[in-house]
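Structure record follows, encoded as structure tokens.
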Amino acid sequence: MSTNRDFDRIAGAWLADGPTELADRVLDVALEEVHLTQQRHALRVPWRISTMSTQFRLAAAAIVVVVALGLVALNLPRISGVGGPSASPPSSSPALVPTDTPSPSASPVAKAPAATVAELVDRVYAALHAKDGAALRAIDADDAQHSVYYTDGVTGSEVTSFVATEFDLEHDPLQDVTRQGEPLVVGDLVVVPVTYTYATEVDTGFDMFLVAHVTGGLLVGEGATFYGKPGLAIDPNAVATIEAETAAWNIADTDAVLATMTSDAAFWEGLAGSTRTIHSGAGLKTFIEESGWFDVTITGTPVISGVFVAVPNRLSAGSDTSEGISLYDIRNGKIALQVYLNGTP
Amino acid sequence: MQAALVERARAGDEEAFASLARAAGDRLLAIAYRILRDLGLAEDAVQQTLVLAWRELPQLRDVDKFDAWIHRLLVHACYAEARRGRRWASNVRVLPVDGPTAPDEFVTVAQRDQLDRGFRRLPPEQRVVFVFHHYVGLTLLEIADQLGVPLGTVKSRLRYATNTLRAALEADLRSSTDTSRERMA
């Protein structure tokens with residue numbers, strides 16, 4: 001056995017040897033048990049909002065598309081391991097409209113999947129612009145969760161997470177939504193630079209979501225919104241920091257990668273809910289060490305919106321490659337948050 | 001076709017689920033056997049997987065990811081069987097009476113024996129990655145996605161598994177060479 005090819009051939013032949021058919025009796029027993037087993041249905045209640053009072057539910061719902069102000073004032077608990085201390089409450093908050101309207105999930109809306117990603121993106125922002133909650137729910141996957149991240153320029157944290165279809169858009173004080181450019185699209189991953197306008201302020205950042213494939217087309221799957229305190233400027237060294245981090249990954253130098261990050265940095269794989277993993281603290285170092293096998297190539301021009309930078313990239317290890325996007329929150333030349341998603345799993 | 005069946009099964013249609021189970025059963029058994037190296041344990045793992053898949057199907061968000069999702073359930077069932085069953089951790093190995101079912105001229109009986117012994121020494125996590133890569137034919141990124149672990153973890157597991165099995169084969173080669181030299185002397 002002199003080469004890798006010899007080993008692969010021998011291993012392949014050895015593995016090919018063995019049973020390849022499931023006996024009918026095994027299948028029959030399984031299906032009998034299935035007949036006696038009840039399916040476990042998905043919880044429709046947002047895991048975080050469900051624990052809040054009605055007042056808090058309203059407040060949390062109001063930020064689906066990033067209403068910074070009122071939310072933070074309510075001191076929603078931050079997710080442990082993300083960023084530093086809780087974001088400071090902005091001084092001015094838009095009034096939250098009280099309502100007795102039942103939760104949108106109480107009256108399910110028929111889904112109307114989009115045919116293309118471009119159509120899906122257009123419909124998302126048309127629904128937001130028109131404040132048409134039914135239209136938004138028609139293109140949101142039922143269980144898709146959405147998280148919202150806020151930075152005040154000193155610390156950053158996730159301020160809430162909820163099931164997208166629970167969002168009460170009609171009662172949100174949102175006045176307008178403007179896309180700040182063409183979305184970055186990599187396979188099923190969409191990143192959109194956006195501005196959300198409220199009576200008292202304008203919030204700028206990114207929406208990021210994964211497209212869910214269902215029969216008949218495409219829906220919005222898990223998502224997240226990233227925004228910063230109004231008036232914050234992009235770090236002038238942001239792109240240089242990202243390039244330094246990329247170079248450090250490519251020489252598998254864990255300490256060099258960590259040197260480009262703040263002490264409370266968090267790395268998100270995924271956007272919200274159970275599909276997301278957050279690496280921070282000691283776990284971040286382990287994660288970097290274990291991920292040092294692949295090379296990172298920046299494949300497009302970084303896009304800046306508010307204090308955030310989105311960068312299309314390619315991970316490669318041997319003949320394996322994966323296209324995705326990293327989104328960064330960078331402060332004082334250090335990465336405080338990096339979110340990575342693979343667009344073509 | 002499969003997506004429609006998954007949607008029906010997700011809504012509680014047992015017949016649709018039975019069709020999915022029949023279509024996936026052979027593949028699941030083949031993978032489970034290669035991970036566990038024991039037909040009884042593999043059949044148990046497949047049964048558990050199918051029942052769990054039925055119960056949890058309403059949680060599956062993307063019907064097009066059914067195959068990857070059920071593979072992940074199978075892997076967890078194999079882990080459970082590996083912990084439950086002591087047979088696979090045993091050093092006792094039952095040699096095939098009738099020989100390999102699919103003889104391959106490139107793999108000698110001695111090599112099969114060494115691979116079996118080496119493979120049984122691997123922890124289940126390394127076995128899974130090795131089987132998904134060399135038998136199912138998935139790329140490392142696909143394996144990372146299906147198992148929900150970082151790519152680096154997949155690569156390190158595959159590297160350890162490969163090193164162990166290569167060492168087993170090379171030990172066999174050295175042993176054969178030494179025997180030949182002894183005969184020549």
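Residues are named by chain letter and number: chains run A, B, ... in the order of the structure tokens, numbers start at 1 in each chain, and ligands are numbered from 1 in the order shown.
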Legend entry - Close residues, stretch 6-9 of chain B itself excluded, 7 Å, only C-alpha atoms, min 6 positions apart in chain, as a ChimeraX atom specification: /B:16-17,63
Inset, instruction - Taking only C-alpha atoms into account, report as a VMD selection string which residues of chain B lie within 6 Å of chain A. - result: chain B and resid 25 to 26 29 to 30 47 51 55 to 56 58 to 59 62 102 107 134 152 to 153
Inset, instruction - List the neighbours of A:Met208 out to 9 Å using only C-alpha atoms; skip same-chain residues closer than 6 positions along the sequence, and give me the result as a PyMOL selection string. - result: chain A and resi 189-193+222-226+271
Legend entry - Å distance separating atom CA of A:Arg179 from atom CA of A:Ile242, one decimal place: 24.2 Å
Inset, instruction - If you run DSSP over the backbone, which residues in stretch 237-323 of chain A end up strand (DSSP E or B)? Put them as a PyMOL selection string. - result: chain A and resi 261-269+277-280+295-298+303-305+308-317+320-323
Inset, instruction - Can you work out the spacing between atom CA of B:Leu28 and atom CA of B:Glu43 in Å, to one decimal? - result: 9.1 Å
Inset, instruction - Tell me which of A:Pro312, A:Pro302, A:Gly187, A:Gly156 sits closest to A:Leu210, counting only C-alpha atoms. - result: A:Gly187
